[in-house]
file data-v4.cif (mmCIF, C-alpha atoms)
data_protein
#
loop_
_atom_site.label_atom_id
_atom_site.label_comp_id
_atom_site.auth_asym_id
_atom_site.auth_seq_id
_atom_site.Cartn_x
_atom_site.Cartn_y
_atom_site.Cartn_z
CA MET A 73 29.09 -13.76 -20.40
CA ASN A 74 26.17 -11.74 -19.28
CA VAL A 75 27.30 -8.17 -18.88
CA ILE A 76 25.08 -6.22 -16.59
CA ARG A 77 24.56 -2.76 -17.90
CA PRO A 78 23.52 -0.57 -15.07
CA ALA A 79 20.94 1.95 -16.12
CA VAL A 80 22.68 4.86 -14.58
CA HIS A 81 21.48 8.31 -15.37
CA PRO A 82 24.25 10.81 -15.58
CA VAL A 83 23.31 12.62 -12.44
CA GLU A 84 25.89 14.64 -10.69
CA ALA A 85 26.61 13.67 -7.15
CA PRO A 86 24.86 16.23 -4.96
CA PRO A 87 27.15 18.26 -2.77
CA VAL A 88 27.65 16.57 0.54
CA VAL A 89 25.56 18.39 3.09
CA ASP A 90 26.90 17.79 6.51
CA ALA A 91 24.14 18.37 9.01
CA ALA A 92 26.61 19.44 11.65
CA ASN A 93 28.44 21.82 9.35
CA ASP A 94 25.58 24.09 8.41
CA ALA A 95 28.00 26.75 7.20
CA MET A 96 27.80 25.07 3.80
CA PRO A 97 24.79 26.47 1.90
CA ARG A 98 22.46 23.94 0.38
CA GLY A 99 21.69 25.95 -2.69
CA ARG A 100 23.76 29.01 -3.41
CA MET A 101 21.11 31.52 -4.36
CA LYS A 102 21.97 34.36 -6.64
CA ASP A 103 23.13 37.51 -4.98
CA ILE A 104 20.50 40.19 -4.68
CA GLN A 105 21.88 43.70 -4.49
CA GLY A 106 21.48 44.87 -0.93
CA MET A 107 22.55 41.65 0.71
CA PRO A 108 25.56 41.86 2.99
CA GLY A 109 28.76 41.86 1.00
CA THR A 110 27.31 43.38 -2.17
CA PRO A 111 27.81 46.95 -3.40
CA GLY A 112 24.07 47.55 -2.93
CA GLY A 113 24.36 46.42 0.67
CA LEU A 114 27.27 48.77 1.17
CA ALA A 115 25.21 51.64 -0.29
CA LEU A 116 22.36 50.82 2.11
CA ARG A 117 24.74 50.71 5.07
CA PHE A 118 26.33 53.97 4.05
CA SER A 119 22.98 55.74 3.74
CA GLN A 120 21.88 54.38 7.15
CA PHE A 121 25.07 55.67 8.67
CA ALA A 122 24.85 59.04 6.93
CA PHE A 123 21.24 59.71 7.99
CA ALA A 124 21.84 58.56 11.56
CA LEU A 125 24.96 60.72 11.78
CA LEU A 126 23.05 63.71 10.39
CA ALA A 127 20.34 63.24 13.02
CA LEU A 128 23.01 62.99 15.70
CA CYS A 129 24.76 66.15 14.49
CA VAL A 130 21.50 68.09 14.40
CA MET A 131 20.71 66.97 17.95
CA ALA A 132 24.25 67.66 19.13
CA THR A 133 24.31 71.21 17.79
CA THR A 134 21.12 71.94 19.73
CA SER A 135 23.23 72.53 22.77
CA ASP A 136 20.59 74.21 24.89
CA PHE A 137 17.89 71.61 24.35
CA PRO A 138 17.86 70.47 27.99
CA SER A 139 17.30 74.04 29.11
CA VAL A 140 13.80 74.26 27.66
CA THR A 141 11.49 75.31 30.40
CA ALA A 142 8.06 73.88 29.80
CA PHE A 143 9.00 70.34 28.84
CA TRP A 144 12.21 69.88 30.69
CA PHE A 145 11.79 66.34 31.97
CA TYR A 146 10.33 64.73 28.94
CA GLY A 147 12.22 66.98 26.58
CA ILE A 148 15.46 65.63 27.99
CA LEU A 149 14.15 62.08 28.11
CA CYS A 150 12.94 62.06 24.53
CA ALA A 151 15.98 63.86 23.18
CA SER A 152 18.25 61.45 25.06
CA TYR A 153 16.39 58.46 23.69
CA LEU A 154 16.57 59.78 20.15
CA VAL A 155 20.28 60.52 20.54
CA ALA A 156 20.92 57.08 22.03
CA ALA A 157 18.97 55.24 19.33
CA VAL A 158 20.58 57.20 16.53
CA SER A 159 24.07 56.75 18.01
CA LEU A 160 23.55 53.01 18.24
CA GLN A 161 22.25 52.97 14.68
CA SER A 162 25.21 54.91 13.31
CA LEU A 163 27.74 52.72 15.14
CA TRP A 164 26.06 49.55 13.94
CA SER A 165 25.78 50.75 10.34
CA LEU A 166 29.40 51.93 10.32
CA THR A 167 30.61 48.56 11.59
CA LEU A 168 28.67 46.69 8.96
CA ALA A 169 29.73 49.11 6.24
CA ILE A 170 33.37 48.36 7.12
CA LEU A 171 32.62 44.62 7.02
CA ASP A 172 30.93 45.09 3.64
CA VAL A 173 33.93 46.95 2.27
CA TYR A 174 36.17 44.12 3.46
CA ALA A 175 33.88 41.51 1.90
CA ILE A 176 33.84 43.36 -1.42
CA LEU A 177 37.62 43.76 -1.39
CA VAL A 178 38.28 40.07 -0.77
CA LYS A 179 35.40 39.17 -3.12
CA ARG A 180 33.63 36.99 -0.59
CA ARG A 181 30.08 36.84 0.65
CA PHE A 182 28.91 36.40 4.19
CA ARG A 183 27.43 32.92 4.12
CA ASN A 184 27.98 31.71 7.64
CA PRO A 185 24.50 31.44 9.19
CA ARG A 186 25.77 32.60 12.57
CA VAL A 187 27.20 35.80 11.11
CA VAL A 188 24.11 36.46 9.02
CA SER A 189 21.78 35.78 11.94
CA LEU A 190 23.84 38.19 14.05
CA PHE A 191 23.43 40.79 11.30
CA ALA A 192 19.69 40.17 11.06
CA ILE A 193 19.13 40.36 14.83
CA GLY A 194 21.22 43.52 15.11
CA ASP A 195 19.39 45.11 12.22
CA GLY A 196 16.05 44.19 13.78
CA ILE A 197 16.95 45.66 17.16
CA THR A 198 18.51 48.89 15.89
CA SER A 199 15.76 49.51 13.34
CA THR A 200 13.05 48.97 15.97
CA LEU A 201 14.78 51.36 18.39
CA THR A 202 15.30 54.01 15.70
CA PHE A 203 11.71 53.71 14.48
CA ALA A 204 10.30 53.96 18.01
CA ALA A 205 12.44 57.02 18.76
CA ALA A 206 11.44 58.66 15.50
CA CYS A 207 7.73 57.99 16.07
CA ALA A 208 7.79 59.28 19.65
CA SER A 209 9.74 62.37 18.58
CA ALA A 210 7.37 63.01 15.70
CA GLY A 211 4.38 62.76 18.04
CA ILE A 212 5.89 65.16 20.55
CA THR A 213 7.12 67.62 17.94
CA VAL A 214 3.75 67.83 16.28
CA LEU A 215 2.05 68.21 19.66
CA ILE A 216 4.37 71.04 20.70
CA GLY A 217 4.20 72.74 17.33
CA ASN A 218 0.52 72.46 16.53
CA ASP A 219 -1.31 72.51 19.83
CA LEU A 220 0.99 74.28 22.23
CA ASN A 221 2.43 76.76 19.72
CA ASP A 222 5.66 76.73 21.62
CA CYS A 223 8.05 76.08 18.79
CA ALA A 224 10.18 79.18 19.10
CA GLN A 225 11.27 78.14 22.57
CA ASN A 226 11.72 74.45 21.87
CA HIS A 227 13.82 74.15 18.72
CA CYS A 228 11.06 72.46 16.80
CA THR A 229 12.78 72.75 13.44
CA ARG A 230 15.95 71.07 14.63
CA PHE A 231 14.03 68.38 16.41
CA GLU A 232 11.86 67.81 13.34
CA THR A 233 14.96 67.58 11.15
CA ALA A 234 16.53 65.01 13.46
CA THR A 235 13.27 63.06 13.47
CA ALA A 236 13.11 63.08 9.68
CA MET A 237 16.73 61.88 9.48
CA ALA A 238 15.95 59.09 11.93
CA PHE A 239 13.01 58.04 9.74
CA MET A 240 15.23 58.06 6.65
CA SER A 241 17.75 55.92 8.48
CA TRP A 242 14.98 53.48 9.37
CA PHE A 243 13.87 53.37 5.74
CA ALA A 244 17.42 52.37 4.80
CA VAL A 245 17.73 49.74 7.54
CA SER A 246 14.49 47.93 6.66
CA PRO A 247 15.71 46.47 3.32
CA SER A 248 18.95 45.38 4.97
CA PHE A 249 17.03 43.60 7.70
CA ILE A 250 14.67 41.92 5.25
CA LEU A 251 17.48 40.80 2.93
CA ASN A 252 19.62 39.52 5.80
CA PHE A 253 16.68 37.60 7.16
CA TRP A 254 15.93 36.26 3.69
CA THR A 255 19.56 35.12 3.27
CA LEU A 256 19.39 33.42 6.64
CA ALA A 257 16.10 31.66 6.03
CA SER A 258 16.82 30.54 2.48
CA LYS A 259 19.87 28.53 3.48
CA MET B 583 36.40 -9.15 -23.00
CA ASN B 584 37.11 -6.01 -21.17
CA VAL B 585 34.16 -5.19 -18.97
CA ILE B 586 34.04 -1.58 -18.00
CA ARG B 587 32.95 -1.22 -14.44
CA PRO B 588 31.58 2.21 -13.95
CA ALA B 589 32.45 3.55 -10.55
CA VAL B 590 28.99 4.67 -9.71
CA HIS B 591 28.24 5.71 -6.20
CA PRO B 592 24.76 4.81 -5.06
CA VAL B 593 23.49 8.35 -5.01
CA GLU B 594 19.83 9.03 -5.03
CA ALA B 595 18.52 11.13 -7.85
CA PRO B 596 17.82 14.58 -6.46
CA PRO B 597 14.16 15.56 -6.43
CA VAL B 598 13.16 17.32 -9.59
CA VAL B 599 12.78 20.99 -8.82
CA ASP B 600 10.56 22.66 -11.35
CA ALA B 601 11.50 26.30 -11.45
CA ALA B 602 8.14 27.32 -12.83
CA ASN B 603 6.13 25.45 -10.25
CA ASP B 604 7.39 27.16 -7.15
CA ALA B 605 4.33 26.06 -5.20
CA MET B 606 6.17 22.80 -4.59
CA PRO B 607 8.35 23.18 -1.52
CA ARG B 608 11.95 22.11 -1.99
CA GLY B 609 12.35 20.73 1.45
CA ARG B 610 9.31 20.47 3.66
CA MET B 611 10.60 21.93 6.86
CA LYS B 612 9.12 20.86 10.12
CA ASP B 613 6.26 22.92 11.40
CA ILE B 614 7.22 25.42 14.03
CA GLN B 615 4.43 26.39 16.39
CA GLY B 616 3.37 29.89 15.47
CA MET B 617 3.44 29.40 11.72
CA PRO B 618 0.19 29.97 9.85
CA GLY B 619 -2.05 26.98 10.14
CA THR B 620 -0.68 25.70 13.45
CA PRO B 621 -2.39 25.95 16.86
CA GLY B 622 0.45 28.23 18.01
CA GLY B 623 -0.23 30.52 15.08
CA LEU B 624 -3.90 30.58 15.96
CA ALA B 625 -3.04 31.49 19.56
CA LEU B 626 -0.82 34.33 18.32
CA ARG B 627 -3.57 35.59 16.01
CA PHE B 628 -6.11 35.40 18.79
CA SER B 629 -3.93 37.35 21.21
CA GLN B 630 -3.25 40.00 18.54
CA PHE B 631 -6.97 40.34 17.93
CA ALA B 632 -7.81 40.41 21.63
CA PHE B 633 -5.27 43.12 22.49
CA ALA B 634 -6.17 45.25 19.49
CA LEU B 635 -9.87 44.91 20.31
CA LEU B 636 -9.21 45.86 23.93
CA ALA B 637 -7.34 48.97 22.81
CA LEU B 638 -10.19 49.83 20.48
CA CYS B 639 -12.79 49.37 23.24
CA VAL B 640 -10.82 51.53 25.65
CA MET B 641 -10.54 54.26 23.04
CA ALA B 642 -14.18 53.93 22.04
CA THR B 643 -15.48 54.27 25.58
CA THR B 644 -13.54 57.54 25.93
CA SER B 645 -16.39 59.26 24.21
CA ASP B 646 -15.38 62.81 25.12
CA PHE B 647 -11.77 62.52 24.00
CA PRO B 648 -12.16 64.97 21.12
CA SER B 649 -13.54 67.57 23.51
CA VAL B 650 -10.25 68.04 25.37
CA THR B 651 -9.43 71.67 25.27
CA ALA B 652 -5.69 72.10 25.31
CA PHE B 653 -4.70 69.48 22.77
CA TRP B 654 -7.72 69.38 20.58
CA PHE B 655 -6.11 69.14 17.16
CA TYR B 656 -3.36 66.71 17.91
CA GLY B 657 -5.40 64.90 20.50
CA ILE B 658 -7.95 64.06 17.83
CA LEU B 659 -5.29 63.28 15.25
CA CYS B 660 -3.34 60.94 17.48
CA ALA B 661 -6.41 59.25 18.90
CA SER B 662 -7.77 58.79 15.38
CA TYR B 663 -4.51 57.30 14.19
CA LEU B 664 -4.36 54.92 17.13
CA VAL B 665 -7.97 53.90 16.58
CA ALA B 666 -7.37 53.41 12.85
CA ALA B 667 -4.20 51.37 13.33
CA VAL B 668 -5.75 49.21 16.02
CA SER B 669 -8.92 48.68 13.97
CA LEU B 670 -6.88 47.56 10.98
CA GLN B 671 -4.85 45.27 13.22
CA SER B 672 -7.91 43.66 14.76
CA LEU B 673 -9.59 43.12 11.38
CA TRP B 674 -6.42 41.61 9.92
CA SER B 675 -5.83 39.34 12.91
CA LEU B 676 -9.45 38.22 12.95
CA THR B 677 -9.31 37.34 9.25
CA LEU B 678 -6.14 35.32 9.68
CA ALA B 679 -7.45 33.66 12.84
CA ILE B 680 -10.46 32.45 10.83
CA LEU B 681 -8.13 31.18 8.09
CA ASP B 682 -6.04 29.41 10.73
CA VAL B 683 -9.10 27.75 12.21
CA TYR B 684 -10.06 26.57 8.73
CA ALA B 685 -6.52 25.27 8.08
CA ILE B 686 -6.49 23.40 11.37
CA LEU B 687 -9.92 21.91 10.72
CA VAL B 688 -9.00 20.61 7.27
CA LYS B 689 -5.52 19.64 8.58
CA ARG B 690 -3.68 21.56 5.89
CA ARG B 691 -0.85 24.07 6.01
CA PHE B 692 -0.54 27.25 4.00
CA ARG B 693 2.31 26.42 1.66
CA ASN B 694 1.48 28.49 -1.39
CA PRO B 695 4.19 31.17 -1.59
CA ARG B 696 1.73 33.78 -2.82
CA VAL B 697 -0.56 33.27 0.16
CA VAL B 698 2.32 33.23 2.63
CA SER B 699 3.88 36.34 1.09
CA LEU B 700 0.50 38.08 1.33
CA PHE B 701 0.39 37.13 5.02
CA ALA B 702 3.95 38.33 5.59
CA ILE B 703 3.39 41.67 3.83
CA GLY B 704 0.13 42.25 5.66
CA ASP B 705 1.73 41.40 8.98
CA GLY B 706 4.61 43.74 8.24
CA ILE B 707 2.33 46.65 7.35
CA THR B 708 -0.12 46.24 10.22
CA SER B 709 2.62 45.68 12.81
CA THR B 710 4.53 48.77 11.63
CA LEU B 711 1.36 50.89 11.79
CA THR B 712 0.42 49.59 15.23
CA PHE B 713 3.94 50.08 16.57
CA ALA B 714 4.15 53.63 15.20
CA ALA B 715 0.77 54.52 16.70
CA ALA B 716 1.74 53.01 20.04
CA CYS B 717 5.08 54.85 20.14
CA ALA B 718 3.57 58.19 19.21
CA SER B 719 0.79 57.73 21.77
CA ALA B 720 3.27 56.74 24.43
CA GLY B 721 5.36 59.83 23.75
CA ILE B 722 2.38 62.14 23.93
CA THR B 723 0.88 60.50 26.98
CA VAL B 724 4.12 60.74 28.93
CA LEU B 725 4.57 64.35 27.83
CA ILE B 726 1.07 65.29 28.93
CA GLY B 727 1.31 63.36 32.17
CA ASN B 728 4.82 64.25 33.28
CA ASP B 729 5.52 67.71 32.00
CA LEU B 730 2.17 69.34 31.53
CA ASN B 731 0.47 67.70 34.54
CA ASP B 732 -2.78 67.77 32.66
CA CYS B 733 -3.83 64.19 33.08
CA ALA B 734 -7.12 64.78 34.85
CA GLN B 735 -8.48 66.64 31.87
CA ASN B 736 -7.05 64.39 29.18
CA HIS B 737 -7.96 60.82 30.11
CA CYS B 738 -4.35 59.80 30.49
CA THR B 739 -5.11 56.47 32.10
CA ARG B 740 -7.41 55.37 29.32
CA PHE B 741 -5.01 56.54 26.68
CA GLU B 742 -2.13 54.78 28.43
CA THR B 743 -4.14 51.58 28.66
CA ALA B 744 -4.94 51.72 24.96
CA THR B 745 -1.27 52.36 24.21
CA ALA B 746 -0.19 49.42 26.32
CA MET B 747 -2.72 47.18 24.57
CA ALA B 748 -1.43 48.35 21.19
CA PHE B 749 2.11 47.47 22.29
CA MET B 750 0.97 44.03 23.43
CA SER B 751 -0.72 43.52 20.08
CA TRP B 752 2.52 44.46 18.34
CA PHE B 753 4.44 42.00 20.50
CA ALA B 754 2.06 39.28 19.34
CA VAL B 755 2.28 40.28 15.66
CA SER B 756 6.07 40.26 15.50
CA PRO B 757 6.53 36.48 15.86
CA SER B 758 3.80 35.91 13.28
CA PHE B 759 5.56 38.21 10.84
CA ILE B 760 8.96 36.63 11.43
CA LEU B 761 7.64 33.08 11.10
CA ASN B 762 5.64 33.90 7.97
CA PHE B 763 8.67 35.50 6.43
CA TRP B 764 10.78 32.51 7.44
CA THR B 765 8.27 30.13 5.85
CA LEU B 766 8.32 32.19 2.68
CA ALA B 767 12.11 32.45 2.45
CA SER B 768 12.87 28.84 3.35
CA LYS B 769 10.92 27.47 0.40
#

call {"tool": "encode", "arguments": {"input": "data-v4.cif", "output": "structure tokens"}}
result
Amino acid sequence: MNVIRPAVHPVEAPPVVDAANDAMPRGRMKDIQGMPGTPGGLALRFSQFAFALLALCVMATTSDFPSVTAFWFYGILCASYLVAAVSLQSLWSLTLAILDVYAILVKRRFRNPRVVSLFAIGDGITSTLTFAAACASAGITVLIGNDLNDCAQNHCTRFETATAMAFMSWFAVSPSFILNFWTLASK
Amino acid sequence: MNVIRPAVHPVEAPPVVDAANDAMPRGRMKDIQGMPGTPGGLALRFSQFAFALLALCVMATTSDFPSVTAFWFYGILCASYLVAAVSLQSLWSLTLAILDVYAILVKRRFRNPRVVSLFAIGDGITSTLTFAAACASAGITVLIGNDLNDCAQNHCTRFETATAMAFMSWFAVSPSFILNFWTLASK
């Protein structure tokens, strides 16, 4: 009797990748600190939230900002834009910080591409808005302070502080955005 | 005689992934127009270069910009920063447009992760610089035009045109950056 001996290498069956069910990752890459659902990611979210909230508080305590005389229209416009961008940033970061805390507590990672793409898009939008507001504010503050010498009337220090906080918040959002995008693309 | 019949599923052996040789892509994803080495990518590069060059020309023809009286220090500073950012952007985009033309001519794609990561980092840096310059310029131009009503003296229209061109250039860089980063991460 001629027994056929199949030359079978002991390969493991690859995990079944269902093209329709793309929630299943092809290769589970190792977790980099800073990705959503890791303690590093939570620290990033918390620092984004803290800096954005600081900027918001500094702007909010400048109660008479709209009453500046020389730059009333654009002063209000720019301050409003900075406040709006920083509010959006703090709300977004707070939401994701809560989600991160939940993920750490249940010891899961966000792996669903839809969720991660939502995170990446939100991070991209909020970071762009915050960065634009910070840059415009920085330009205006330096113009008022250096060339117009009108700082005493226009709360330059407060405005500069809020601008610096907005920049710090942007610095904290950028790694989150990049790591979210990386997680999304490497699936 | 008891013939053992191994229950072997006809699985294909998975492709050997050499961890050291990461130049070999794991799964060759389909080319999306806009990636480096595609005609779409070349079009993006060309539009980046064209808009940045336009902004540079508009700024360069404003020969008496530094002679503005009221905003001399910051006027020079901001104009210089815009010119520097836009120059860097145009040089970078021109270089990558030439590389894209070469890649299209030899019918190759940039797949080396080092090259693609260099592209992604360069795109990220130049787009951030261009966007920051455009935002700061926009803030200052609107402040000068709306609140100080000093446009006649300060070449607002030219400055606004250059700012708009810088924004357009940034809009063209963003997809390049995102697609480069995607290419890099999806390897």

call {"tool": "residues_around", "arguments": {"input": "data-v4.cif", "residues": "region 171-186 of chain A", "least_positions_apart": "3", "cutoff": "6 Å", "atoms": "only C-alpha atoms", "output": "list in words"}}
result
Ala95, Gly109, Leu114, Leu168 and Ser189 of chain A

call {"tool": "write_last_selection", "arguments": {"input": "data-v4.cif", "atoms": "C-alpha atoms", "output": "PDB file, keeping the file's coordinate frame"}}
result
ATOM      1  CA  ALA A  95      28.000  26.750   7.200  1.00  0.00           C
ATOM      2  CA  GLY A 109      28.760  41.860   1.000  1.00  0.00           C
ATOM      3  CA  LEU A 114      27.270  48.770   1.170  1.00  0.00           C
ATOM      4  CA  LEU A 168      28.670  46.690   8.960  1.00  0.00           C
ATOM      5  CA  SER A 189      21.780  35.780  11.940  1.00  0.00           C
TER       6      SER A 189
END

call {"tool": "atom_distance", "arguments": {"input": "data-v4.cif", "atom1": "CA of Thr235 (chain A)", "atom2": "CA of Ala208 (chain A)"}}
result
9.1 Å

call {"tool": "residues_around", "arguments": {"input": "data-v4.cif", "residues": "region 625-628 of chain B", "least_positions_apart": "2", "cutoff": "8 Å", "atoms": "all atoms listed in the file", "output": "PyMOL selection string"}}
result
chain B and resi 616+621-623+630-632+675-676+678-679+754-755+758

call {"tool": "closest_residue", "arguments": {"input": "data-v4.cif", "among": "B:Leu766, B:Ala744, B:Ile680, B:Leu664", "to": "chain A", "atoms": "all atoms listed in the file"}}
result
B:Leu766

call {"tool": "atom_distance", "arguments": {"input": "data-v4.cif", "atom1": "CA of Met641 (chain B)", "atom2": "CA of Ala661 (chain B)"}}
result
7.7 Å

call {"tool": "resolve_selection", "arguments": {"input": "data-v4.cif", "expression": "the PyMOL selection byres ((chain B and resi 706) around 10)", "output": "PyMOL selection string"}}
result
chain B and resi 700-705+707-711+755-756+758-760+762-763

call {"tool": "residues_around", "arguments": {"input": "data-v4.cif", "residues": "Leu126 (chain A)", "least_positions_apart": "5", "cutoff": "12 Å", "atoms": "all atoms listed in the file", "output": "NGL selection string"}}
result
:A and (119-121 or 131-133 or 155 or 158-159 or 161-162 or 230-231 or 233-241)

call {"tool": "closest_residue", "arguments": {"input": "data-v4.cif", "among": "B:Ile722, B:Val698, B:Val640, B:Met617", "to": "chain A", "atoms": "all atoms listed in the file"}}
result
B:Ile722

call {"tool": "atom_distance", "arguments": {"input": "data-v4.cif", "atom1": "CA of Glu232 (chain A)", "atom2": "CA of Cys207 (chain A)"}}
result
11.0 Å

call {"tool": "closest_residue", "arguments": {"input": "data-v4.cif", "among": "A:Leu160, A:Ala127, A:Cys150, A:Val187", "to": "chain B", "atoms": "all atoms listed in the file"}}
result
A:Cys150

call {"tool": "residues_near_point", "arguments": {"input": "data-v4.cif", "point": "(14.0, 32.2, 2.0)", "cutoff": "8 Å", "atoms": "all atoms listed in the file", "output": "PyMOL selection string"}}
result
(chain A and resi 253-259) or (chain B and resi 763-769)

call {"tool": "closest_residue", "arguments": {"input": "data-v4.cif", "among": "A:Ala157, A:Leu149, A:Leu125, A:Ile104", "to": "chain B", "atoms": "all atoms listed in the file"}}
result
A:Leu149

call {"tool": "closest_residue", "arguments": {"input": "data-v4.cif", "among": "B:Cys738, B:Leu638, B:Ala720, B:Leu673", "to": "chain A", "atoms": "all atoms listed in the file"}}
result
B:Ala720
